[in-house]
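Raw contents of data_24.pdb, PDB, C-alpha atoms and all ligand atoms:
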ATOM      1  CA  MET A 346     193.361 -21.746 -13.091
ATOM      2  CA  HIS A 347     193.921 -18.759 -15.396
ATOM      3  CA  ASN A 348     195.115 -18.171 -18.931
ATOM      4  CA  LEU A 349     194.852 -21.836 -19.926
ATOM      5  CA  LEU A 350     193.823 -20.618 -23.399
ATOM      6  CA  LYS A 351     195.833 -17.384 -23.556
ATOM      7  CA  ASP A 352     195.536 -15.725 -26.991
ATOM      8  CA  LYS A 353     194.020 -18.815 -28.596
ATOM      9  CA  VAL A 354     191.547 -17.862 -31.332
ATOM     10  CA  VAL A 355     188.532 -20.098 -30.816
ATOM     11  CA  LEU A 356     185.204 -20.287 -32.658
ATOM     12  CA  ILE A 357     182.270 -21.382 -30.513
ATOM     13  CA  THR A 358     179.065 -22.308 -32.338
ATOM     14  CA  GLY A 359     175.716 -22.450 -30.545
ATOM     15  CA  ALA A 360     176.993 -19.602 -28.366
ATOM     16  CA  SER A 361     173.583 -17.919 -28.134
ATOM     17  CA  SER A 362     172.438 -20.505 -25.571
ATOM     18  CA  GLY A 363     173.279 -23.214 -23.059
ATOM     19  CA  ILE A 364     176.577 -25.073 -23.307
ATOM     20  CA  GLY A 365     177.959 -22.879 -26.120
ATOM     21  CA  LYS A 366     177.231 -19.689 -24.174
ATOM     22  CA  ARG A 367     178.922 -20.893 -20.965
ATOM     23  CA  THR A 368     181.856 -22.304 -22.941
ATOM     24  CA  ALA A 369     182.396 -18.940 -24.653
ATOM     25  CA  ILE A 370     182.335 -17.101 -21.328
ATOM     26  CA  PHE A 371     184.705 -19.579 -19.650
ATOM     27  CA  PHE A 372     187.100 -19.526 -22.621
ATOM     28  CA  SER A 373     187.219 -15.705 -22.473
ATOM     29  CA  GLN A 374     188.031 -15.952 -18.748
ATOM     30  CA  GLN A 375     190.925 -18.241 -19.702
ATOM     31  CA  GLY A 376     192.417 -15.669 -22.068
ATOM     32  CA  ALA A 377     191.026 -16.907 -25.403
ATOM     33  CA  LYS A 378     189.970 -14.577 -28.207
ATOM     34  CA  VAL A 379     186.495 -15.903 -28.768
ATOM     35  CA  ILE A 380     184.316 -15.820 -31.868
ATOM     36  CA  VAL A 381     180.691 -16.490 -30.978
ATOM     37  CA  THR A 382     178.083 -17.563 -33.491
ATOM     38  CA  GLY A 383     174.398 -18.522 -33.392
ATOM     39  CA  ARG A 384     171.204 -17.636 -35.253
ATOM     40  CA  ASN A 385     169.435 -15.469 -32.673
ATOM     41  CA  GLN A 386     171.213 -12.109 -32.771
ATOM     42  CA  GLU A 387     169.680 -10.760 -29.554
ATOM     43  CA  ARG A 388     170.801 -13.733 -27.464
ATOM     44  CA  LEU A 389     174.169 -13.819 -29.224
ATOM     45  CA  ILE A 390     174.786 -10.190 -28.222
ATOM     46  CA  GLU A 391     173.883 -11.088 -24.623
ATOM     47  CA  THR A 392     176.643 -13.716 -24.684
ATOM     48  CA  PHE A 393     179.075 -11.321 -26.357
ATOM     49  CA  ASN A 394     178.462  -8.732 -23.633
ATOM     50  CA  GLU A 395     179.318 -11.288 -20.944
ATOM     51  CA  LEU A 396     182.717 -12.164 -22.420
ATOM     52  CA  GLN A 397     185.735 -11.128 -20.379
ATOM     53  CA  GLY A 398     188.366  -8.960 -22.051
ATOM     54  CA  ASP A 399     188.288  -7.595 -25.573
ATOM     55  CA  LYS A 400     189.320  -8.722 -29.081
ATOM     56  CA  HIS A 401     186.293 -11.003 -29.367
ATOM     57  CA  PHE A 402     184.050 -11.216 -32.429
ATOM     58  CA  SER A 403     180.394 -12.063 -32.976
ATOM     59  CA  LEU A 404     178.648 -13.130 -36.173
ATOM     60  CA  CYS A 405     175.236 -14.708 -36.872
ATOM     61  CA  ALA A 406     175.083 -17.716 -39.203
ATOM     62  CA  ASN A 407     172.807 -20.615 -40.039
ATOM     63  CA  LEU A 408     175.049 -23.683 -39.971
ATOM     64  CA  ASP A 409     172.533 -25.799 -41.928
ATOM     65  CA  SER A 410     174.040 -24.253 -45.054
ATOM     66  CA  PRO A 411     177.564 -25.151 -46.250
ATOM     67  CA  ASP A 412     177.654 -21.823 -48.150
ATOM     68  CA  ASP A 413     176.917 -19.898 -44.942
ATOM     69  CA  ILE A 414     179.597 -21.907 -43.125
ATOM     70  CA  GLU A 415     182.152 -21.046 -45.798
ATOM     71  CA  GLN A 416     181.209 -17.355 -45.594
ATOM     72  CA  LEU A 417     181.374 -17.437 -41.783
ATOM     73  CA  ILE A 418     184.853 -18.961 -41.705
ATOM     74  CA  LYS A 419     186.146 -16.546 -44.378
ATOM     75  CA  SER A 420     184.881 -13.550 -42.390
ATOM     76  CA  ILE A 421     186.333 -14.876 -39.126
ATOM     77  CA  VAL A 422     189.776 -15.542 -40.576
ATOM     78  CA  SER A 423     189.954 -12.132 -42.252
ATOM     79  CA  GLU A 424     188.991 -10.420 -38.953
ATOM     80  CA  MET A 425     190.810 -12.613 -36.395
ATOM     81  CA  GLY A 426     193.479 -14.579 -38.301
ATOM     82  CA  PRO A 427     193.843 -18.372 -38.339
ATOM     83  CA  LEU A 428     191.915 -20.439 -35.819
ATOM     84  CA  ASP A 429     193.397 -22.449 -32.922
ATOM     85  CA  GLY A 430     190.152 -24.137 -31.974
ATOM     86  CA  VAL A 431     186.510 -24.759 -32.799
ATOM     87  CA  VAL A 432     183.940 -25.971 -30.271
ATOM     88  CA  HIS A 433     180.875 -26.932 -32.285
ATOM     89  CA  CYS A 434     178.045 -26.713 -29.752
ATOM     90  CA  ALA A 435     175.229 -25.839 -32.183
ATOM     91  CA  GLY A 436     172.685 -28.601 -32.435
ATOM     92  CA  VAL A 437     169.017 -29.472 -32.172
ATOM     93  CA  GLN A 438     167.233 -32.117 -30.150
ATOM     94  CA  LYS A 439     163.670 -33.254 -30.852
ATOM     95  CA  THR A 440     161.647 -35.784 -28.914
ATOM     96  CA  LEU A 441     159.930 -37.732 -31.696
ATOM     97  CA  PRO A 442     158.474 -41.206 -31.372
ATOM     98  CA  VAL A 443     159.249 -42.978 -34.643
ATOM     99  CA  LYS A 444     155.548 -43.248 -35.562
ATOM    100  CA  VAL A 445     155.269 -39.432 -35.883
ATOM    101  CA  LEU A 446     158.669 -38.888 -37.500
ATOM    102  CA  LYS A 447     158.603 -37.054 -40.835
ATOM    103  CA  GLU A 448     161.369 -36.693 -43.395
ATOM    104  CA  THR A 449     161.555 -32.960 -42.602
ATOM    105  CA  HIS A 450     162.292 -33.741 -38.926
ATOM    106  CA  PHE A 451     165.072 -36.131 -39.919
ATOM    107  CA  ASP A 452     166.601 -33.581 -42.293
ATOM    108  CA  GLU A 453     166.389 -30.785 -39.727
ATOM    109  CA  ILE A 454     168.199 -32.849 -37.090
ATOM    110  CA  PHE A 455     170.865 -34.244 -39.412
ATOM    111  CA  ASN A 456     171.484 -30.876 -41.112
ATOM    112  CA  ALA A 457     171.982 -29.019 -37.825
ATOM    113  CA  ASN A 458     173.922 -31.774 -36.035
ATOM    114  CA  VAL A 459     175.897 -33.669 -38.692
ATOM    115  CA  LYS A 460     176.048 -31.740 -41.969
ATOM    116  CA  SER A 461     177.160 -28.621 -40.080
ATOM    117  CA  ALA A 462     180.029 -30.546 -38.431
ATOM    118  CA  GLN A 463     181.174 -32.099 -41.696
ATOM    119  CA  PHE A 464     181.268 -28.782 -43.564
ATOM    120  CA  LEU A 465     182.819 -26.867 -40.675
ATOM    121  CA  ALA A 466     185.669 -29.415 -40.793
ATOM    122  CA  LYS A 467     185.977 -28.927 -44.552
ATOM    123  CA  SER A 468     185.969 -25.150 -44.324
ATOM    124  CA  ILE A 469     188.435 -24.714 -41.455
ATOM    125  CA  SER A 470     190.933 -27.231 -42.862
ATOM    126  CA  ARG A 471     191.703 -25.080 -45.913
ATOM    127  CA  LYS A 472     195.185 -23.563 -45.964
ATOM    128  CA  GLY A 473     195.574 -20.298 -44.059
ATOM    129  CA  ARG A 474     192.472 -20.868 -41.928
ATOM    130  CA  PHE A 475     194.044 -22.844 -39.078
ATOM    131  CA  ASN A 476     197.182 -22.369 -37.036
ATOM    132  CA  PRO A 477     199.847 -24.600 -38.647
ATOM    133  CA  GLN A 478     201.090 -25.350 -35.094
ATOM    134  CA  GLY A 479     197.772 -27.076 -34.446
ATOM    135  CA  LEU A 480     193.995 -26.738 -34.190
ATOM    136  CA  SER A 481     191.538 -28.560 -31.960
ATOM    137  CA  LEU A 482     188.090 -29.321 -33.396
ATOM    138  CA  ILE A 483     185.463 -30.531 -30.926
ATOM    139  CA  PHE A 484     182.009 -31.884 -31.751
ATOM    140  CA  LEU A 485     179.253 -32.102 -29.149
ATOM    141  CA  SER A 486     178.011 -35.675 -29.269
ATOM    142  CA  SER A 487     175.819 -37.081 -26.457
ATOM    143  CA  VAL A 488     175.450 -40.130 -24.242
ATOM    144  CA  ALA A 489     172.452 -40.788 -26.513
ATOM    145  CA  ALA A 490     174.989 -41.992 -29.107
ATOM    146  CA  VAL A 491     175.698 -45.090 -27.021
ATOM    147  CA  CYS A 492     172.831 -45.391 -24.483
ATOM    148  CA  GLY A 493     169.344 -45.861 -25.887
ATOM    149  CA  GLU A 494     166.342 -43.832 -24.735
ATOM    150  CA  PRO A 495     162.872 -44.017 -26.311
ATOM    151  CA  ALA A 496     161.630 -41.271 -28.683
ATOM    152  CA  ILE A 497     165.009 -39.769 -29.564
ATOM    153  CA  SER A 498     166.203 -42.245 -32.208
ATOM    154  CA  THR A 499     167.001 -39.634 -34.896
ATOM    155  CA  TYR A 500     168.849 -37.427 -32.414
ATOM    156  CA  ALA A 501     170.748 -40.468 -31.091
ATOM    157  CA  ALA A 502     171.706 -41.478 -34.647
ATOM    158  CA  SER A 503     172.988 -37.949 -35.370
ATOM    159  CA  LYS A 504     175.127 -37.958 -32.219
ATOM    160  CA  ALA A 505     176.542 -41.421 -33.058
ATOM    161  CA  ALA A 506     177.337 -40.090 -36.538
ATOM    162  CA  LEU A 507     179.488 -37.372 -34.967
ATOM    163  CA  GLN A 508     181.635 -39.989 -33.246
ATOM    164  CA  GLY A 509     182.244 -41.776 -36.564
ATOM    165  CA  LEU A 510     182.896 -38.473 -38.295
ATOM    166  CA  SER A 511     185.442 -37.394 -35.683
ATOM    167  CA  LYS A 512     187.443 -40.636 -35.891
ATOM    168  CA  SER A 513     187.872 -40.563 -39.652
ATOM    169  CA  LEU A 514     188.556 -36.831 -39.680
ATOM    170  CA  ALA A 515     191.139 -37.296 -36.907
ATOM    171  CA  LEU A 516     193.074 -39.702 -39.137
ATOM    172  CA  GLU A 517     192.696 -37.619 -42.281
ATOM    173  CA  LEU A 518     193.625 -34.286 -40.700
ATOM    174  CA  ALA A 519     196.412 -35.367 -38.316
ATOM    175  CA  ARG A 520     199.036 -34.510 -40.966
ATOM    176  CA  LEU A 521     197.769 -30.896 -40.756
ATOM    177  CA  LYS A 522     198.054 -31.033 -36.913
ATOM    178  CA  ILE A 523     194.284 -30.776 -36.669
ATOM    179  CA  ARG A 524     192.964 -32.838 -33.754
ATOM    180  CA  VAL A 525     189.309 -33.909 -33.816
ATOM    181  CA  ASN A 526     187.459 -35.142 -30.723
ATOM    182  CA  CYS A 527     183.934 -35.404 -29.340
ATOM    183  CA  ILE A 528     182.530 -34.530 -25.959
ATOM    184  CA  ALA A 529     179.501 -36.639 -25.021
ATOM    185  CA  PRO A 530     177.539 -34.966 -22.231
ATOM    186  CA  GLY A 531     174.852 -36.557 -20.105
ATOM    187  CA  HIS A 532     171.838 -34.460 -19.127
ATOM    188  CA  VAL A 533     172.988 -30.842 -18.744
ATOM    189  CA  GLN A 534     170.580 -28.192 -17.512
ATOM    190  CA  THR A 535     170.063 -25.863 -20.526
ATOM    191  CA  GLU A 536     167.193 -24.588 -22.699
ATOM    192  CA  MET A 537     167.418 -27.803 -24.765
ATOM    193  CA  ALA A 538     167.225 -29.953 -21.646
ATOM    194  CA  LYS A 539     164.318 -27.874 -20.311
ATOM    195  CA  GLU A 540     162.320 -28.469 -23.507
ATOM    196  CA  PHE A 541     163.125 -32.184 -23.331
ATOM    197  CA  SER A 542     162.111 -32.476 -19.675
ATOM    198  CA  GLN A 543     158.801 -30.668 -20.288
ATOM    199  CA  GLN A 544     157.770 -33.605 -22.470
ATOM    200  CA  LEU A 545     158.348 -36.118 -19.668
ATOM    201  CA  THR A 546     156.310 -37.038 -16.607
ATOM    202  CA  SER A 547     157.994 -36.248 -13.284
ATOM    203  CA  GLU A 548     158.632 -40.014 -12.828
ATOM    204  CA  GLN A 549     160.333 -40.242 -16.247
ATOM    205  CA  TYR A 550     162.457 -37.162 -15.437
ATOM    206  CA  ARG A 551     163.444 -38.579 -12.042
ATOM    207  CA  ALA A 552     164.403 -41.888 -13.698
ATOM    208  CA  ILE A 553     166.799 -40.035 -16.039
ATOM    209  CA  ALA A 554     168.239 -37.964 -13.178
ATOM    210  CA  ASP A 555     168.743 -41.168 -11.152
ATOM    211  CA  LYS A 556     170.862 -42.635 -13.956
ATOM    212  CA  HIS A 557     173.495 -39.943 -13.253
ATOM    213  CA  PRO A 558     175.406 -41.151 -10.159
ATOM    214  CA  LEU A 559     177.014 -37.703  -9.768
ATOM    215  CA  GLY A 560     173.718 -35.873 -10.429
ATOM    216  CA  LEU A 561     172.782 -33.741 -13.419
ATOM    217  CA  GLY A 562     175.418 -31.577 -15.100
ATOM    218  CA  THR A 563     175.881 -27.861 -15.646
ATOM    219  CA  PRO A 564     177.098 -26.178 -18.868
ATOM    220  CA  GLU A 565     180.320 -25.311 -17.010
ATOM    221  CA  ASP A 566     181.082 -29.033 -16.557
ATOM    222  CA  VAL A 567     181.159 -29.329 -20.349
ATOM    223  CA  ALA A 568     183.080 -26.053 -20.793
ATOM    224  CA  TYR A 569     185.908 -27.371 -18.558
ATOM    225  CA  ALA A 570     186.247 -30.512 -20.718
ATOM    226  CA  ALA A 571     186.232 -28.356 -23.872
ATOM    227  CA  ALA A 572     188.979 -26.183 -22.391
ATOM    228  CA  PHE A 573     191.151 -29.267 -21.779
ATOM    229  CA  LEU A 574     190.592 -30.516 -25.345
ATOM    230  CA  THR A 575     191.356 -27.060 -26.784
ATOM    231  CA  SER A 576     194.485 -26.523 -24.666
ATOM    232  CA  SER A 577     197.904 -27.936 -25.437
ATOM    233  CA  MET A 578     197.473 -30.266 -22.412
ATOM    234  CA  SER A 579     195.562 -32.547 -24.803
ATOM    235  CA  ARG A 580     198.105 -32.286 -27.623
ATOM    236  CA  TRP A 581     198.333 -36.121 -27.927
ATOM    237  CA  VAL A 582     194.556 -36.684 -27.878
ATOM    238  CA  THR A 583     192.668 -37.154 -31.135
ATOM    239  CA  GLY A 584     189.886 -39.336 -32.533
ATOM    240  CA  THR A 585     188.327 -39.977 -29.142
ATOM    241  CA  THR A 586     185.187 -39.161 -27.191
ATOM    242  CA  LEU A 587     185.294 -37.726 -23.695
ATOM    243  CA  TYR A 588     182.151 -38.674 -21.741
ATOM    244  CA  VAL A 589     181.163 -35.836 -19.411
ATOM    245  CA  ASP A 590     178.068 -37.376 -17.938
ATOM    246  CA  GLY A 591     178.245 -37.834 -14.161
ATOM    247  CA  GLY A 592     178.608 -41.582 -14.737
ATOM    248  CA  TYR A 593     175.504 -42.050 -16.944
ATOM    249  CA  SER A 594     177.261 -44.131 -19.605
ATOM    250  CA  ALA A 595     179.026 -46.313 -17.001
ATOM    251  CA  HIS A 596     175.787 -48.293 -16.523
TER     252      HIS A 596
HETATM  253  N1  LIG B 601     171.798 -30.100 -22.784
HETATM  254  C1  LIG B 601     172.038 -31.390 -22.762
HETATM  255  O1  LIG B 601     171.587 -32.098 -21.858
HETATM  256  C2  LIG B 601     172.896 -32.020 -23.813
HETATM  257  C3  LIG B 601     173.270 -33.359 -23.639
HETATM  258  C4  LIG B 601     174.060 -33.974 -24.595
HETATM  259  C5  LIG B 601     174.477 -33.254 -25.704
HETATM  260  N2  LIG B 601     174.100 -31.955 -25.859
HETATM  261  C6  LIG B 601     174.542 -31.264 -27.062
HETATM  262  O2  LIG B 601     175.240 -30.093 -26.699
HETATM  263  C7  LIG B 601     175.032 -29.082 -27.701
HETATM  264  C8  LIG B 601     174.508 -27.822 -27.011
HETATM  265  O3  LIG B 601     173.289 -28.115 -26.363
HETATM  266  P1  LIG B 601     172.507 -27.064 -25.448
HETATM  267  O4  LIG B 601     171.814 -27.851 -24.409
HETATM  268  O5  LIG B 601     173.403 -25.957 -25.077
HETATM  269  O6  LIG B 601     171.397 -26.564 -26.495
HETATM  270  P2  LIG B 601     170.613 -25.176 -26.621
HETATM  271  O7  LIG B 601     170.617 -24.426 -25.333
HETATM  272  O8  LIG B 601     169.303 -25.520 -27.244
HETATM  273  O9  LIG B 601     171.491 -24.382 -27.681
HETATM  274  C9  LIG B 601     171.601 -24.842 -28.995
HETATM  275  C10 LIG B 601     172.407 -23.853 -29.785
HETATM  276  O10 LIG B 601     172.553 -24.342 -31.128
HETATM  277  C11 LIG B 601     172.287 -23.288 -32.026
HETATM  278  N3  LIG B 601     171.793 -23.826 -33.293
HETATM  279  C12 LIG B 601     170.867 -24.788 -33.476
HETATM  280  N4  LIG B 601     170.685 -25.016 -34.791
HETATM  281  C13 LIG B 601     171.507 -24.171 -35.455
HETATM  282  C14 LIG B 601     171.775 -23.909 -36.822
HETATM  283  N5  LIG B 601     171.135 -24.561 -37.791
HETATM  284  N6  LIG B 601     172.700 -22.959 -37.140
HETATM  285  C15 LIG B 601     173.332 -22.268 -36.174
HETATM  286  N7  LIG B 601     173.131 -22.475 -34.865
HETATM  287  C16 LIG B 601     172.218 -23.404 -34.505
HETATM  288  C17 LIG B 601     171.242 -22.431 -31.313
HETATM  289  O11 LIG B 601     171.266 -21.147 -31.887
HETATM  290  P3  LIG B 601     169.969 -20.152 -31.891
HETATM  291  O12 LIG B 601     169.236 -20.398 -30.602
HETATM  292  O13 LIG B 601     170.620 -18.811 -31.981
HETATM  293  O14 LIG B 601     169.176 -20.532 -33.068
HETATM  294  C18 LIG B 601     171.766 -22.472 -29.884
HETATM  295  O15 LIG B 601     172.777 -21.499 -29.699
HETATM  296  C19 LIG B 601     174.047 -29.669 -28.706
HETATM  297  O16 LIG B 601     174.765 -30.178 -29.809
HETATM  298  C20 LIG B 601     173.401 -30.800 -27.929
HETATM  299  O17 LIG B 601     172.914 -31.815 -28.785
HETATM  300  C21 LIG B 601     173.319 -31.320 -24.938
END

Output the structure of this file as structure tokens.
Ligand SMILES: NC(=O)c1ccc[n+]([C@@H]2O[C@H](COP(=O)([O-])OP(=O)(O)OC[C@H]3O[C@@H](n4cnc5c(N)ncnc54)[C@H](OP(=O)(O)O)[C@@H]3O)[C@@H](O)[C@H]2O)c1
Amino acid sequence: MHNLLKDKVVLITGASSGIGKRTAIFFSQQGAKVIVTGRNQERLIETFNELQGDKHFSLCANLDSPDDIEQLIKSIVSEMGPLDGVVHCAGVQKTLPVKVLKETHFDEIFNANVKSAQFLAKSISRKGRFNPQGLSLIFLSSVAAVCGEPAISTYAASKAALQGLSKSLALELARLKIRVNCIAPGHVQTEMAKEFSQQLTSEQYRAIADKHPLGLGTPEDVAYAAAFLTSSMSRWVTGTTLYVDGGYSAH
């Protein structure tokens, strides 16, 4: 498979790490012109240097802030032209039993995971910022949106919110040929997953691994699903969630 995304201009958030990083690299291998963003400049440059081909662009931004999002999208469009796709991988996960939860934790998780998605959708859907032939917007939800696990209730709520957000946006933005979908991964081995697993006993970790009939996932497994949802092969797909979870949510 080559050139699935030839010349598509695609913004990938959270590209300084994990799923976003591997998605950016895979998209570049498929011919996309990739814009990578994250907060950590050093790690973002590492991703940028691994992209295949040229005509890519890299810009740091904090997506907690709607003003920063607006500035980011303006800069991207003036440098690269209208967007064909956005894969919003940026997000935070915190293991927090409800008894220790503070308002600041809640705000941090919802700002990074939900507010960022809402205002990215607002910013990219302004005239001249998206390809009038179509744009694919993808949010990274999680199996946690539909399968409960202890000590991640705020994270789970934020990932469920993304599924609601994507459905209503899909209806509202269809007239602009903007498709909006979620990918809901199971446990994928990244920095985020490493931090999560360090807070578990080996029995608890094994129990989670055992709930994945096809085993744990890799960032590439998610990148392949994102490539399908960004490509024209999914042109009739909007308002849905693709579970990429090795069977976790089939239980
Ligand atoms: N890994 C899993 O098992 C798993 C499972 C289900 C869903 N997901 C979801 O998949 C997405 C990617 O996860 P991952 O495992 O790749 O995580 P990761 O390795 O921790 O990477 C998270 C990325 O998000 C960026 N980010 C966080 N807050 C940000 C903010 N306020 N503004 C801008 N960028 C921000 C980080 O940037 P900096 O590091 O530069 O700050 C980093 O690039 C997340 O939405 C996560 O919830 C992951």

So that each row is one residue of segment 406-475 of chain A with an atom at most 8 Å from segment 497-503 of chain A, can you give its shortest atom pair and the distance in Å to one decimal, using only C-alpha atoms, rows by chain and rising number, as a tab-separated table?
residue	atom	partner	partner_atom	distance
A:Val437	CA	A:Tyr500	CA	8.0
A:Gln438	CA	A:Tyr500	CA	6.0
A:Lys439	CA	A:Ile497	CA	6.8
A:Thr440	CA	A:Ile497	CA	5.3
A:Leu441	CA	A:Ile497	CA	5.9
A:Pro442	CA	A:Ile497	CA	6.9
A:Val443	CA	A:Ser498	CA	7.4
A:Phe451	CA	A:Thr499	CA	6.4
A:Ile454	CA	A:Tyr500	CA	6.6
A:Phe455	CA	A:Ser503	CA	5.9
A:Asn458	CA	A:Ser503	CA	6.3
A:Val459	CA	A:Ser503	CA	6.1

Hey, which residues sit close to ligand LIG 601 (chain B)? Say within 7 Å, counting all atoms listed in the file, and write them as an NGL selection string. :A and (358-365 or 383-386 or 388-389 or 406-409 or 434-438 or 457-458 or 485-488 or 529-538)

Please produce a file of those selected residues containing C-alpha atoms, as a JSON list (two decimals), in the coordinates of the input.
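Full text of out_12.json as output:
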[["chain", "number", "residue", "atom", "x", "y", "z"],
["A", 358, "THR", "CA", 179.06, -22.31, -32.34],
["A", 359, "GLY", "CA", 175.72, -22.45, -30.54],
["A", 360, "ALA", "CA", 176.99, -19.60, -28.37],
["A", 361, "SER", "CA", 173.58, -17.92, -28.13],
["A", 362, "SER", "CA", 172.44, -20.50, -25.57],
["A", 363, "GLY", "CA", 173.28, -23.21, -23.06],
["A", 364, "ILE", "CA", 176.58, -25.07, -23.31],
["A", 365, "GLY", "CA", 177.96, -22.88, -26.12],
["A", 383, "GLY", "CA", 174.40, -18.52, -33.39],
["A", 384, "ARG", "CA", 171.20, -17.64, -35.25],
["A", 385, "ASN", "CA", 169.44, -15.47, -32.67],
["A", 386, "GLN", "CA", 171.21, -12.11, -32.77],
["A", 388, "ARG", "CA", 170.80, -13.73, -27.46],
["A", 389, "LEU", "CA", 174.17, -13.82, -29.22],
["A", 406, "ALA", "CA", 175.08, -17.72, -39.20],
["A", 407, "ASN", "CA", 172.81, -20.62, -40.04],
["A", 408, "LEU", "CA", 175.05, -23.68, -39.97],
["A", 409, "ASP", "CA", 172.53, -25.80, -41.93],
["A", 434, "CYS", "CA", 178.04, -26.71, -29.75],
["A", 435, "ALA", "CA", 175.23, -25.84, -32.18],
["A", 436, "GLY", "CA", 172.68, -28.60, -32.44],
["A", 437, "VAL", "CA", 169.02, -29.47, -32.17],
["A", 438, "GLN", "CA", 167.23, -32.12, -30.15],
["A", 457, "ALA", "CA", 171.98, -29.02, -37.83],
["A", 458, "ASN", "CA", 173.92, -31.77, -36.03],
["A", 485, "LEU", "CA", 179.25, -32.10, -29.15],
["A", 486, "SER", "CA", 178.01, -35.67, -29.27],
["A", 487, "SER", "CA", 175.82, -37.08, -26.46],
["A", 488, "VAL", "CA", 175.45, -40.13, -24.24],
["A", 529, "ALA", "CA", 179.50, -36.64, -25.02],
["A", 530, "PRO", "CA", 177.54, -34.97, -22.23],
["A", 531, "GLY", "CA", 174.85, -36.56, -20.10],
["A", 532, "HIS", "CA", 171.84, -34.46, -19.13],
["A", 533, "VAL", "CA", 172.99, -30.84, -18.74],
["A", 534, "GLN", "CA", 170.58, -28.19, -17.51],
["A", 535, "THR", "CA", 170.06, -25.86, -20.53],
["A", 536, "GLU", "CA", 167.19, -24.59, -22.70],
["A", 537, "MET", "CA", 167.42, -27.80, -24.76],
["A", 538, "ALA", "CA", 167.22, -29.95, -21.65]]

So what does the PyMOL selection byres (((chain A and resi 561) around 10) and not hetatm) actually pick up in this one, as a PyMOL selection string? chain A and resi 531-534+553-560+562-563+590-593

Near Cys527 of chain A, within 8 Å and counting all atoms listed in the file, which residues show up once chain neighbours fewer than 6 positions away are dropped, as a PyMOL selection string? chain A and resi 483-486+507-508+511+584-587

Which residues would end up in the selection if the PyMOL selection byres (((chain A and resi 474) around 12) and not hetatm) were applied here, given that I need the answer as a short mmCIF file (atom, residue, chain, number, x, y, z; two decimals) with C-alpha atoms, in the frame of the given file?
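expr-v4.cif written:
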data_model
loop_
_atom_site.label_atom_id
_atom_site.label_comp_id
_atom_site.auth_asym_id
_atom_site.auth_seq_id
_atom_site.Cartn_x
_atom_site.Cartn_y
_atom_site.Cartn_z
CA VAL A 354 191.55 -17.86 -31.33
CA VAL A 355 188.53 -20.10 -30.82
CA LEU A 356 185.20 -20.29 -32.66
CA GLU A 415 182.15 -21.05 -45.80
CA LEU A 417 181.37 -17.44 -41.78
CA ILE A 418 184.85 -18.96 -41.70
CA LYS A 419 186.15 -16.55 -44.38
CA SER A 420 184.88 -13.55 -42.39
CA ILE A 421 186.33 -14.88 -39.13
CA VAL A 422 189.78 -15.54 -40.58
CA SER A 423 189.95 -12.13 -42.25
CA GLU A 424 188.99 -10.42 -38.95
CA MET A 425 190.81 -12.61 -36.40
CA GLY A 426 193.48 -14.58 -38.30
CA PRO A 427 193.84 -18.37 -38.34
CA LEU A 428 191.92 -20.44 -35.82
CA ASP A 429 193.40 -22.45 -32.92
CA GLY A 430 190.15 -24.14 -31.97
CA VAL A 431 186.51 -24.76 -32.80
CA LEU A 465 182.82 -26.87 -40.67
CA ALA A 466 185.67 -29.42 -40.79
CA LYS A 467 185.98 -28.93 -44.55
CA SER A 468 185.97 -25.15 -44.32
CA ILE A 469 188.44 -24.71 -41.46
CA SER A 470 190.93 -27.23 -42.86
CA ARG A 471 191.70 -25.08 -45.91
CA LYS A 472 195.18 -23.56 -45.96
CA GLY A 473 195.57 -20.30 -44.06
CA PHE A 475 194.04 -22.84 -39.08
CA ASN A 476 197.18 -22.37 -37.04
CA PRO A 477 199.85 -24.60 -38.65
CA GLN A 478 201.09 -25.35 -35.09
CA GLY A 479 197.77 -27.08 -34.45
CA LEU A 480 194.00 -26.74 -34.19
CA LEU A 521 197.77 -30.90 -40.76
CA ILE A 523 194.28 -30.78 -36.67
#

Between atom CA of Thr583 of chain A and atom CA of Arg524 of chain A, what distance in Å does the model show, to one decimal? 5.1 Å

Taking the point (178.3, -11.8, -29.8) as given in the file, collect each protein or nucleic acid residue that comes within 7 Å of it, counting all atoms listed in the file, and present the set as a PyMOL selection string. chain A and resi 381-382+389-394+402-404

Next, dump the selected residues to file, keeping only C-alpha atoms, as a compact mmCIF listing (two decimals), in the coordinates of the input.
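Below is the file that was written, selection_27.txt:
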# COMPACT_ATOMS: atom_id res chain seq x y z
CA VAL A 381 180.69 -16.49 -30.98
CA THR A 382 178.08 -17.56 -33.49
CA LEU A 389 174.17 -13.82 -29.22
CA ILE A 390 174.79 -10.19 -28.22
CA GLU A 391 173.88 -11.09 -24.62
CA THR A 392 176.64 -13.72 -24.68
CA PHE A 393 179.08 -11.32 -26.36
CA ASN A 394 178.46 -8.73 -23.63
CA PHE A 402 184.05 -11.22 -32.43
CA SER A 403 180.39 -12.06 -32.98
CA LEU A 404 178.65 -13.13 -36.17

Hey, what comes out of the PyMOL selection byres (((chain A and resi 376) around 9) and not hetatm) on this file? Could you write it as a count of residues only? 17

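Among the candidate residues A:Glu548, A:Met578, A:Leu514, A:Val589, the one lying nearest to Glu565 of chain A is A:Val589, with distances computed using only C-alpha atoms.
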
Hey, can you check how far atom CA of Asp412 of chain A sits from atom CA of Lys512 of chain A? 24.5 Å

Students should find that atom CA of Ile414 of chain A and atom CA of Ile357 of chain A are spaced 12.9 Å
